[in-house]
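Here the structure comes first, spelled out in structure tokens, and everything after it is commentary.
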There are 2 protein chains.
Amino acid sequence: MNPPFLSCSRRVRRTPFSAQVEAAGVKAYTVYNHMLLPTVFDEIEADYRHLKTHVQVWDVACERQIEIRGRDAQRLVEMMTPRSLTRLDYGKCFYAPLVDDTGGMLNDPVLLKLDDDRLWVSIADSDVLLWAKGLALGLGLDVQVFEADVHPLAVQGQKSTELMARVFGDDVRTLGFFRFRRMRFGTQDLIVARSGYSKQRGFEIYQEGWEHAAALWDALIAAGEDLDVRAGGPNTIERIEGGLLSYGSDMTRDDTPFECGLENFVDLDMVEGCIGHAALKLHVQNGLERQIRGISIGGSPVPLCTMPWPVHVDGRRTGQVTSAMWSPDFETNVSIGMIGSEHWEEGTEVTVETPDGVRPGTVCTLPFSRSA
Amino acid sequence: MNPPFLSCSRRVRRTPFSAQVEAAGVKAYTVYNHMLLPTVFDEIEADYRHLKTHVQVWDVACERQIEIRGRDAQRLVEMMTPRSLTRLDYGKCFYAPLVDDTGGMLNDPVLLKLDDDRLWVSIADSDVLLWAKGLALGLGLDVQVFEADVHPLAVQGQKSTELMARVFGDDVRTLGFFRFRRMRFGTQDLIVARSGYSKQRGFEIYQEGWEHAAALWDALIAAGEDLDVRAGGPNTIERIEGGLLSYGSDMTRDDTPFECGLENFVDLDMVEGCIGHAALKLHVQNGLERQIRGISIGGSPVPLCTMPWPVHVDGRRTGQVTSAMWSPDFETNVSIGMIGSEHWEEGTEVTVETPDGVRPGTVCTLPFSRSA
């Protein structure tokens with residue numbers, strides 16, 4: 001069955017790269033932060049193979065930058081995340097869960113500190129602008145909160161360093177993982193980070209403004225002809241294999257960072273100013289009841305996972321699968337879900353209720369690995 | 001050219017009516033509040049003709065209900081809107097622009113007061129939940145803010161009263177425009193309102209929970225067989241003709257309620273507690289520089305409007321068109337846009353830069369009318 005069509009309007013915003021994306025033959029989009037996010041150019045398995053072999057240019061402008069500027073900028077962000085910002089320096093990309101007063105996840109952005117009084121919150125799919133503005137106004141903080149005119153373009157894949165070096169110079173080869181630096185492209189100094197929503201090597205370029213966006217895209221495509229560069233987008237198979245969570249799919253307001261396996265990004269002893277501090281403290285004291293796991297699902301390729309699939313052990317519900325897809329490389333259906341503490345040990349046998357029947361499944365750690 | 005496909009995932013949430021919508025042969029969706037909104041079932045002009053002639057059932061579950069509950073519930077909503085809530089009584093649907101501290105539009109929901117300490121904010125496409133929660137936490141208000149498990153289903157079209165009477169009883173015939181009442185369906189007492197996102201007669205049923213949703217849909221379809229009832233959705237042609245604005249398309253954070261022609265829903269002298277009060281006061285004192293208008297655009301059917309189209313007079317930019325489509329009934333391209341004060345008089349001749357060339361246009365009032 002073909003997927004449905006997407007009705008387009010101004011509300012589903014185009015990006016500075018949309019014309020290039022269309023010329024490259026985009027077949028499908030999703031909508032992310034009220035904006036078009038290209039997802040398929042060829043077939044999802046062909047896109048996956050290409051991403052793992054060559055290099056792709058992704059229009060991820062939908063990763064909007066919520067700029068927080070002013071004397072209280074860092075203080076506001078400290079209220080929003082349970083991760084300590086003491087090590088948040090210029091030049092570091094900082095993955096930081098955002099939580100509400102219940103400890104529930106509101107977003108999982110990457111923070112970029114541009115200056116002592118200026119941060120970008122590079123967001124997943126929820127209106128963090130409204131959350132930050134509401135808090136700031138309610139508390140009377142001295143900050144401005146707005147959506148910056150910034151549009152990330154990702155370069156992802158094994159050959160991404162070579163391609164980036166051709167366009168931005170050999171300097172990119174020295175950029176550490178999750179580090180950023182301003183780099184020259186034409187007349188622009190753009191923030192370039194070694195980051196991205198894949199487990200392949202990759203970079204994200206923070207294009208500022210619309211004027212030079214097409215030139216940036218075109219330069220990357222032109223420079224990579226012999227590298228077999230082409231347009232791509234976040235690939236569901238590859239990101240599930242890699243254990244990259246999707247906010248809204250694998251985690252929602254109903255889940256805490258601990259349940260999402262993000263404990264390495266929470267510093268409860270250092271973040272008493274965080275809005276979710278008390279709730280998360282109590283949550284940890286009470287003990288975790290469920291957590292994110294991989295689940296390998298047996299049988300033929302599963303249908304699309306658009307609703308949580310119940311997971312059972314001995315006929316009793318123990319969790320749910322929230323993302324799933326056939327993996328050609330692992331020759332199984334890879335999936336991500338929440339599993340109850342009694343059954344979250346690696347190797348636990350479960351059953352998964354998919355739309356076309358009950359399947360056997362095996363709990364595993366994330367990312368998926370060959371030995372699993 | 002065919003529209004692109006939509007990639008589906010849990011993040012793009014299904015509704016309690018999605019299975020019915022699919023069985024009815026939905027062809028296209030848009031994404032609204034992170035949820036599927038069906039837009040096309042046949043062809044957009046056939047759907048339009050059917051809506052204007054018969055009756056349709058619409059899955060508008062994406063009109064999420066942000067529930068605000070607690071001692072400070074009304075106080076919080078008073079901070080969010082420049083419309084006075086003194087006449088907000090149980091049983092009234094209350095259209096209310098929401099603004100930020102600059103007076104910019106954040107949403108244009110319908111408010112339903114269920115009790116003195118309990119309101120539903122029936123939202124357009126932005127995360128009002130985060131805005132309301134942020135304000136409430138920042139201010140230390142005594143409220144809970146959450147997304148209720150409520151899923152509106154609309155019944156729209158000339159024969160909607162007859163269909164509703166068959167399912168909910170003749171009592172619906174006495175329901176005034178923008179009034180609601182609890183009505184019986186099976187074992188449920190559901191809020192039913194005479195409202196909806198069309199200019200045809202219509203109702204919205206606030207289905208609570210998932211369990212009985214399919215039965216409600218099926219009952220409406222079964223009862224209307226001889227009325228030629230079928231599945232539908234908000235129709236862009238009909239809503240532009242009727243002058244119904246779309247948040248995100250025709251109005252954004254950059255526009256004030258005055259610019260959006262919503263002055264009847266602003267009571268600046270009565271809402272000093274509103275966050276946007278000072279900014280809107282100043283805005284009015286300074287005089288309006290632009291406002292929403294209809295623009296009739298000449299020539300053959302225009303392409304899809306997915307970016308603002310510049311509007312010029314004498315070679316100088318005076319505004320932009322943000323929604324446009326060919327209207328079979330008006331035999332012209334109907335459109336909505338912002339027009340500068342020097343040129344917003346009805347009948348002003350303008351030019352519109354569409355993607356396939358410059359067209360002549362004529363400014364008119366909204367809704368479009370035969371005499372225009």
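Numbering starts fresh at 1 for the residues of each chain in the structure tokens, the chains themselves are lettered A, B, ... in the order given, and ligands are numbered from 1 as they appear.
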
Using only C-alpha atoms and a cut-off of 7 Å, which residues of chain A sit close to chain B? Please list them as an MDAnalysis selection string. chainID A and resid 3:11 27:31 126:127 130:132 134:135 137:139 248:249 305:307 322

Based on DSSP run over this structure's backbone, return all residues of segment 20-116 of chain B in strand (DSSP E or B), as a PyMOL selection string. chain B and resi 28-32+35-40+56-59+65-69+92-95+98-99+105-107+110-115

Selection export as a CSV table (one decimal), in the first residue's frame, atoms kept: N, CA and C atoms:
chain,number,residue,atom,x,y,z
B,28,ALA,N,-5.0,12.2,1.2
B,28,ALA,CA,-4.0,13.1,1.6
B,28,ALA,C,-4.3,13.6,3.1
B,29,TYR,N,-3.2,13.8,3.8
B,29,TYR,CA,-3.2,14.4,5.1
B,29,TYR,C,-2.4,15.7,5.1
B,30,THR,N,-2.6,16.5,6.1
B,30,THR,CA,-1.6,17.4,6.6
B,30,THR,C,-1.3,17.0,8.0
B,31,VAL,N,-0.3,17.6,8.6
B,31,VAL,CA,0.1,17.3,10.0
B,31,VAL,C,-0.2,18.5,10.8
B,32,TYR,N,-0.9,18.4,11.9
B,32,TYR,CA,-1.4,19.5,12.7
B,32,TYR,C,-1.3,19.1,14.1
B,35,MET,N,-0.2,15.6,14.7
B,35,MET,CA,-1.3,14.6,14.5
B,35,MET,C,-1.8,14.6,13.0
B,36,LEU,N,-2.3,13.5,12.6
B,36,LEU,CA,-2.8,13.4,11.2
B,36,LEU,C,-4.1,14.2,11.1
B,37,LEU,N,-4.2,15.0,10.1
B,37,LEU,CA,-5.4,15.7,9.7
B,37,LEU,C,-5.8,15.4,8.3
B,38,PRO,N,-6.8,14.6,8.1
B,38,PRO,CA,-7.2,14.2,6.7
B,38,PRO,C,-7.7,15.5,5.9
B,39,THR,N,-7.2,15.6,4.7
B,39,THR,CA,-7.5,16.8,3.9
B,39,THR,C,-8.2,16.5,2.6
B,40,VAL,N,-7.9,15.3,2.0
B,40,VAL,CA,-8.5,15.0,0.6
B,40,VAL,C,-9.0,13.6,0.6
B,56,GLN,N,-20.6,16.1,5.6
B,56,GLN,CA,-19.4,15.4,5.8
B,56,GLN,C,-19.1,15.2,7.2
B,57,VAL,N,-18.4,14.1,7.5
B,57,VAL,CA,-17.8,13.8,8.8
B,57,VAL,C,-16.3,14.0,8.7
B,58,TRP,N,-15.8,14.8,9.6
B,58,TRP,CA,-14.4,15.2,9.6
B,58,TRP,C,-13.7,14.7,10.9
B,59,ASP,N,-12.5,14.1,10.7
B,59,ASP,CA,-11.7,13.8,11.8
B,59,ASP,C,-10.8,15.0,12.1
B,65,GLN,N,-7.3,19.5,22.8
B,65,GLN,CA,-7.9,20.2,24.0
B,65,GLN,C,-6.8,20.3,25.0
B,66,ILE,N,-6.4,21.6,25.2
B,66,ILE,CA,-5.4,21.8,26.4
B,66,ILE,C,-6.3,22.1,27.6
B,67,GLU,N,-6.3,21.2,28.5
B,67,GLU,CA,-7.2,21.4,29.7
B,67,GLU,C,-6.4,22.2,30.7
B,68,ILE,N,-7.0,23.3,31.3
B,68,ILE,CA,-6.5,24.1,32.3
B,68,ILE,C,-7.4,24.0,33.5
B,69,ARG,N,-6.9,23.5,34.6
B,69,ARG,CA,-7.7,23.2,35.7
B,69,ARG,C,-7.1,23.7,37.0
B,92,LYS,N,-20.9,28.4,26.1
B,92,LYS,CA,-20.5,29.2,25.0
B,92,LYS,C,-19.1,28.8,24.4
B,93,CYS,N,-19.0,28.7,23.1
B,93,CYS,CA,-17.7,28.6,22.5
B,93,CYS,C,-17.1,30.0,22.3
B,94,PHE,N,-15.9,30.2,22.7
B,94,PHE,CA,-15.4,31.5,22.7
B,94,PHE,C,-14.1,31.6,21.9
B,95,TYR,N,-14.2,32.2,20.7
B,95,TYR,CA,-13.0,32.3,19.9
B,95,TYR,C,-12.1,33.4,20.5
B,98,LEU,N,-4.6,34.2,21.0
B,98,LEU,CA,-3.6,34.1,22.0
B,98,LEU,C,-2.4,34.9,21.5
B,99,VAL,N,-1.9,35.7,22.4
B,99,VAL,CA,-0.7,36.6,22.0
B,99,VAL,C,0.4,36.5,23.0
B,105,MET,N,0.6,36.8,17.4
B,105,MET,CA,-0.4,35.7,17.5
B,105,MET,C,0.4,34.4,17.8
B,106,LEU,N,0.0,33.7,18.8
B,106,LEU,CA,0.6,32.4,19.2
B,106,LEU,C,-0.4,31.2,18.8
B,107,ASN,N,-1.7,31.6,18.6
B,107,ASN,CA,-2.7,30.5,18.3
B,107,ASN,C,-4.0,31.3,18.3
B,110,VAL,N,-10.5,28.1,20.3
B,110,VAL,CA,-11.8,28.3,20.8
B,110,VAL,C,-11.8,27.8,22.3
B,111,LEU,N,-12.3,28.7,23.2
B,111,LEU,CA,-12.3,28.3,24.6
B,111,LEU,C,-13.6,27.7,25.0
B,112,LEU,N,-13.6,26.7,25.8
B,112,LEU,CA,-14.8,26.1,26.4
B,112,LEU,C,-14.6,26.1,27.9
B,113,LYS,N,-15.5,26.8,28.6
B,113,LYS,CA,-15.5,26.8,30.0
B,113,LYS,C,-16.4,25.7,30.5
B,114,LEU,N,-15.8,24.7,31.1
B,114,LEU,CA,-16.5,23.5,31.6
B,114,LEU,C,-17.0,23.7,33.0
B,115,ASP,N,-16.2,24.5,33.7
B,115,ASP,CA,-16.5,24.8,35.1
B,115,ASP,C,-15.7,26.0,35.5

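From atom CA of Glu349 of chain A back to atom CA of His312 of chain A, the distance works out to 9.3 Å.
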
Fewer than 6 positions away in the same chain doesn't count, so skip those; otherwise give me all residues within 10 Å of Ile237 of chain B, counting only C-alpha atoms, as a ChimeraX atom specification. /B:44-45,47-49,323-329,333-335

Suppose we keep all heavy atoms; can you now write the selection as a short mmCIF file (atom, residue, chain, number, x, y, z; two decimals), in the first residue's frame?
data_model
loop_
_atom_site.label_atom_id
_atom_site.label_comp_id
_atom_site.auth_asym_id
_atom_site.auth_seq_id
_atom_site.Cartn_x
_atom_site.Cartn_y
_atom_site.Cartn_z
N ILE B 44 -9.90 17.69 -4.55
CA ILE B 44 -10.24 18.81 -3.67
C ILE B 44 -11.49 19.55 -4.15
O ILE B 44 -12.31 19.98 -3.33
CB ILE B 44 -9.02 19.75 -3.46
CG1 ILE B 44 -9.30 20.73 -2.33
CG2 ILE B 44 -8.62 20.45 -4.73
CD1 ILE B 44 -8.06 21.34 -1.72
N GLU B 45 -11.69 19.65 -5.49
CA GLU B 45 -12.91 20.32 -5.99
C GLU B 45 -14.16 19.47 -5.80
O GLU B 45 -15.24 20.00 -5.53
CB GLU B 45 -12.74 20.70 -7.46
CG GLU B 45 -11.83 21.90 -7.63
CD GLU B 45 -11.98 22.57 -9.00
OE1 GLU B 45 -12.94 22.28 -9.72
OE2 GLU B 45 -11.10 23.40 -9.33
N ASP B 47 -14.53 17.29 -3.32
CA ASP B 47 -14.78 17.37 -1.87
C ASP B 47 -15.50 18.68 -1.52
O ASP B 47 -16.40 18.71 -0.68
CB ASP B 47 -13.46 17.31 -1.09
CG ASP B 47 -12.81 15.92 -1.11
OD1 ASP B 47 -13.47 14.95 -1.51
OD2 ASP B 47 -11.63 15.84 -0.71
N TYR B 48 -15.08 19.74 -2.17
CA TYR B 48 -15.65 21.08 -1.98
C TYR B 48 -17.13 21.10 -2.39
O TYR B 48 -17.99 21.56 -1.65
CB TYR B 48 -14.80 22.03 -2.83
CG TYR B 48 -15.36 23.34 -3.28
CD1 TYR B 48 -15.22 24.47 -2.48
CD2 TYR B 48 -15.95 23.49 -4.54
CE1 TYR B 48 -15.67 25.71 -2.93
CE2 TYR B 48 -16.39 24.71 -4.99
CZ TYR B 48 -16.25 25.83 -4.18
OH TYR B 48 -16.68 27.05 -4.63
N ARG B 49 -17.40 20.57 -3.56
CA ARG B 49 -18.78 20.55 -4.06
C ARG B 49 -19.65 19.72 -3.13
O ARG B 49 -20.78 20.11 -2.78
CB ARG B 49 -18.79 19.99 -5.50
CG ARG B 49 -20.15 19.96 -6.15
CD ARG B 49 -20.78 21.33 -6.26
NE ARG B 49 -19.94 22.27 -7.00
CZ ARG B 49 -19.84 23.56 -6.71
NH1 ARG B 49 -20.53 24.09 -5.70
NH2 ARG B 49 -19.05 24.35 -7.40
N SER B 323 -2.57 32.28 1.31
CA SER B 323 -3.40 31.12 0.95
C SER B 323 -4.10 31.47 -0.35
O SER B 323 -4.61 32.59 -0.47
CB SER B 323 -4.49 30.82 1.99
OG SER B 323 -3.95 30.51 3.24
N ALA B 324 -4.15 30.54 -1.29
CA ALA B 324 -4.80 30.85 -2.57
C ALA B 324 -5.23 29.56 -3.24
O ALA B 324 -4.52 28.55 -3.15
CB ALA B 324 -3.85 31.62 -3.48
N MET B 325 -6.38 29.61 -3.91
CA MET B 325 -6.82 28.45 -4.66
C MET B 325 -7.93 28.86 -5.63
O MET B 325 -8.64 29.82 -5.40
CB MET B 325 -7.31 27.34 -3.72
CG MET B 325 -7.16 25.95 -4.32
SD MET B 325 -7.26 24.62 -3.09
CE MET B 325 -5.51 24.36 -2.75
N TRP B 326 -8.04 28.12 -6.70
CA TRP B 326 -9.10 28.37 -7.67
C TRP B 326 -10.45 28.02 -7.06
O TRP B 326 -10.62 26.95 -6.48
CB TRP B 326 -8.89 27.54 -8.95
CG TRP B 326 -10.03 27.68 -9.91
CD1 TRP B 326 -11.07 26.80 -10.10
CD2 TRP B 326 -10.28 28.77 -10.79
NE1 TRP B 326 -11.93 27.27 -11.05
CE2 TRP B 326 -11.48 28.49 -11.49
CE3 TRP B 326 -9.61 29.98 -11.06
CZ2 TRP B 326 -12.02 29.36 -12.45
CZ3 TRP B 326 -10.15 30.83 -12.01
CH2 TRP B 326 -11.33 30.53 -12.69
N SER B 327 -11.40 28.97 -7.20
CA SER B 327 -12.75 28.73 -6.70
C SER B 327 -13.71 28.48 -7.85
O SER B 327 -13.95 29.40 -8.65
CB SER B 327 -13.24 29.93 -5.89
OG SER B 327 -14.65 29.91 -5.81
N PRO B 328 -14.26 27.29 -7.95
CA PRO B 328 -15.24 27.03 -9.01
C PRO B 328 -16.46 27.93 -8.89
O PRO B 328 -16.98 28.40 -9.90
CB PRO B 328 -15.63 25.56 -8.78
CG PRO B 328 -14.48 24.97 -8.03
CD PRO B 328 -13.96 26.08 -7.17
N ASP B 329 -16.92 28.23 -7.68
CA ASP B 329 -18.13 29.02 -7.53
C ASP B 329 -17.92 30.49 -7.84
O ASP B 329 -18.80 31.16 -8.38
CB ASP B 329 -18.70 28.86 -6.11
CG ASP B 329 -19.48 27.57 -5.96
OD1 ASP B 329 -19.61 26.83 -6.96
OD2 ASP B 329 -19.93 27.26 -4.84
N ASN B 333 -9.49 32.98 -8.77
CA ASN B 333 -8.65 32.47 -7.70
C ASN B 333 -8.93 33.28 -6.44
O ASN B 333 -8.71 34.50 -6.43
CB ASN B 333 -7.18 32.57 -8.08
CG ASN B 333 -6.83 31.67 -9.25
OD1 ASN B 333 -6.86 30.45 -9.13
ND2 ASN B 333 -6.53 32.27 -10.41
N VAL B 334 -9.42 32.62 -5.42
CA VAL B 334 -9.65 33.31 -4.15
C VAL B 334 -8.36 33.21 -3.33
O VAL B 334 -7.66 32.20 -3.39
CB VAL B 334 -10.84 32.70 -3.39
CG1 VAL B 334 -12.14 33.00 -4.12
CG2 VAL B 334 -10.68 31.19 -3.17
N SER B 335 -8.06 34.26 -2.60
CA SER B 335 -6.85 34.21 -1.78
C SER B 335 -6.99 35.10 -0.56
O SER B 335 -7.88 35.96 -0.49
CB SER B 335 -5.62 34.62 -2.59
OG SER B 335 -5.49 36.02 -2.68
#

Which one of B:Phe258, B:Phe265, B:Phe17, B:Phe178 sits closest to Met338 of chain B if you count only C-alpha atoms?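 Answer, going by the shortest atom-to-atom distance: B:Phe258.
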
Shell around segment 214-220 of chain A at 12 Å using only C-alpha atoms, local window under 3 positions removed, as a VMD selection string: chain A and resid 15 to 21 23 to 24 55 to 59 151 to 156 160 to 168 184 to 188 190 205 to 211 223 to 231

Residue contacts of Val358 of chain B (10 Å, only C-alpha atoms) excluding same-chain residues fewer than 4 positions away, as a VMD selection string: chain B and resid 297 to 299 309 to 312 351 to 354

Test item, helix (DSSP H, G or I) assignment across segment 73-191 of chain B, answer as number ranges by chain: B: 73-80, 128-139, 160-168, 170-174

Write a file of the just-selected residues containing N, CA, C and O atoms, as a compact mmCIF listing (two decimals), in the first residue's frame.
# COMPACT_ATOMS: atom_id res chain seq x y z
N ALA B 73 -7.20 28.82 36.99
CA ALA B 73 -7.39 28.45 35.58
C ALA B 73 -7.80 29.66 34.74
O ALA B 73 -7.18 29.97 33.71
N GLN B 74 -8.85 30.36 35.18
CA GLN B 74 -9.31 31.48 34.37
C GLN B 74 -8.27 32.61 34.34
O GLN B 74 -8.06 33.25 33.32
N ARG B 75 -7.61 32.80 35.46
CA ARG B 75 -6.58 33.85 35.52
C ARG B 75 -5.47 33.58 34.50
O ARG B 75 -4.99 34.49 33.82
N LEU B 76 -5.06 32.34 34.38
CA LEU B 76 -4.03 31.99 33.41
C LEU B 76 -4.50 32.29 31.98
O LEU B 76 -3.77 32.90 31.20
N VAL B 77 -5.72 31.90 31.68
CA VAL B 77 -6.22 32.14 30.32
C VAL B 77 -6.37 33.64 30.06
O VAL B 77 -6.12 34.12 28.95
N GLU B 78 -6.74 34.38 31.09
CA GLU B 78 -6.83 35.84 30.94
C GLU B 78 -5.48 36.46 30.59
O GLU B 78 -5.42 37.50 29.93
N MET B 79 -4.41 35.84 31.06
CA MET B 79 -3.08 36.37 30.72
C MET B 79 -2.73 36.08 29.27
O MET B 79 -1.91 36.77 28.66
N MET B 80 -3.34 35.03 28.73
CA MET B 80 -2.95 34.55 27.40
C MET B 80 -3.70 35.24 26.27
O MET B 80 -3.24 35.22 25.12
N VAL B 128 0.42 25.05 22.50
CA VAL B 128 -0.09 25.92 23.56
C VAL B 128 0.12 25.29 24.94
O VAL B 128 0.29 25.99 25.94
N LEU B 129 0.14 23.97 24.97
CA LEU B 129 0.43 23.27 26.23
C LEU B 129 1.71 23.80 26.86
O LEU B 129 1.77 24.07 28.07
N LEU B 130 2.77 23.94 26.05
CA LEU B 130 4.06 24.37 26.58
C LEU B 130 4.04 25.83 27.01
O LEU B 130 4.64 26.21 28.01
N TRP B 131 3.36 26.64 26.23
CA TRP B 131 3.21 28.07 26.56
C TRP B 131 2.47 28.22 27.89
O TRP B 131 2.94 28.91 28.81
N ALA B 132 1.34 27.56 28.03
CA ALA B 132 0.53 27.68 29.24
C ALA B 132 1.27 27.12 30.45
O ALA B 132 1.26 27.70 31.54
N LYS B 133 1.94 25.98 30.26
CA LYS B 133 2.69 25.37 31.36
C LYS B 133 3.85 26.25 31.79
O LYS B 133 4.13 26.41 32.98
N GLY B 134 4.55 26.81 30.81
CA GLY B 134 5.68 27.66 31.12
C GLY B 134 5.25 28.87 31.93
O GLY B 134 5.84 29.20 32.97
N LEU B 135 4.20 29.54 31.47
CA LEU B 135 3.68 30.70 32.20
C LEU B 135 3.25 30.31 33.61
O LEU B 135 3.59 30.98 34.59
N ALA B 136 2.49 29.22 33.71
CA ALA B 136 1.95 28.81 35.01
C ALA B 136 3.07 28.48 35.99
O ALA B 136 3.02 28.89 37.16
N LEU B 137 4.09 27.77 35.53
CA LEU B 137 5.20 27.42 36.41
C LEU B 137 6.01 28.65 36.78
O LEU B 137 6.40 28.82 37.94
N GLY B 138 6.24 29.51 35.79
CA GLY B 138 7.01 30.71 36.06
C GLY B 138 6.32 31.61 37.07
O GLY B 138 6.97 32.23 37.92
N LEU B 139 5.01 31.67 37.00
CA LEU B 139 4.25 32.56 37.87
C LEU B 139 3.81 31.88 39.16
O LEU B 139 3.22 32.53 40.03
N SER B 160 -26.12 18.98 7.87
CA SER B 160 -25.53 18.51 9.13
C SER B 160 -26.55 18.49 10.26
O SER B 160 -26.51 17.59 11.11
N THR B 161 -27.47 19.43 10.29
CA THR B 161 -28.45 19.45 11.37
C THR B 161 -29.33 18.21 11.31
O THR B 161 -29.59 17.55 12.33
N GLU B 162 -29.77 17.88 10.12
CA GLU B 162 -30.60 16.68 9.96
C GLU B 162 -29.86 15.43 10.42
O GLU B 162 -30.39 14.61 11.17
N LEU B 163 -28.61 15.32 9.98
CA LEU B 163 -27.83 14.13 10.37
C LEU B 163 -27.61 14.09 11.88
O LEU B 163 -27.78 13.04 12.52
N MET B 164 -27.25 15.21 12.46
CA MET B 164 -27.00 15.25 13.90
C MET B 164 -28.27 14.91 14.68
O MET B 164 -28.22 14.21 15.70
N ALA B 165 -29.42 15.40 14.19
CA ALA B 165 -30.69 15.13 14.88
C ALA B 165 -30.98 13.63 14.89
O ALA B 165 -31.52 13.09 15.86
N ARG B 166 -30.62 12.97 13.83
CA ARG B 166 -30.87 11.53 13.77
C ARG B 166 -30.03 10.76 14.78
O ARG B 166 -30.43 9.72 15.27
N VAL B 167 -28.84 11.26 15.08
CA VAL B 167 -27.93 10.54 15.97
C VAL B 167 -28.05 11.04 17.42
O VAL B 167 -27.98 10.25 18.36
N PHE B 168 -28.23 12.35 17.59
CA PHE B 168 -28.24 12.92 18.95
C PHE B 168 -29.63 13.37 19.40
O PHE B 168 -29.79 13.83 20.51
N ASP B 170 -33.53 15.44 18.39
CA ASP B 170 -33.97 16.73 17.85
C ASP B 170 -33.50 17.92 18.65
O ASP B 170 -33.52 19.06 18.18
N ASP B 171 -33.04 17.65 19.86
CA ASP B 171 -32.50 18.69 20.72
C ASP B 171 -31.38 19.50 20.03
O ASP B 171 -31.23 20.69 20.30
N VAL B 172 -30.63 18.88 19.15
CA VAL B 172 -29.52 19.61 18.50
C VAL B 172 -30.03 20.74 17.64
O VAL B 172 -29.31 21.69 17.36
N ARG B 173 -31.29 20.66 17.20
CA ARG B 173 -31.83 21.70 16.32
C ARG B 173 -31.92 23.04 17.03
O ARG B 173 -31.97 24.09 16.39
N THR B 174 -31.97 23.00 18.35
CA THR B 174 -32.13 24.25 19.11
C THR B 174 -30.78 24.82 19.56
O THR B 174 -30.74 25.84 20.25
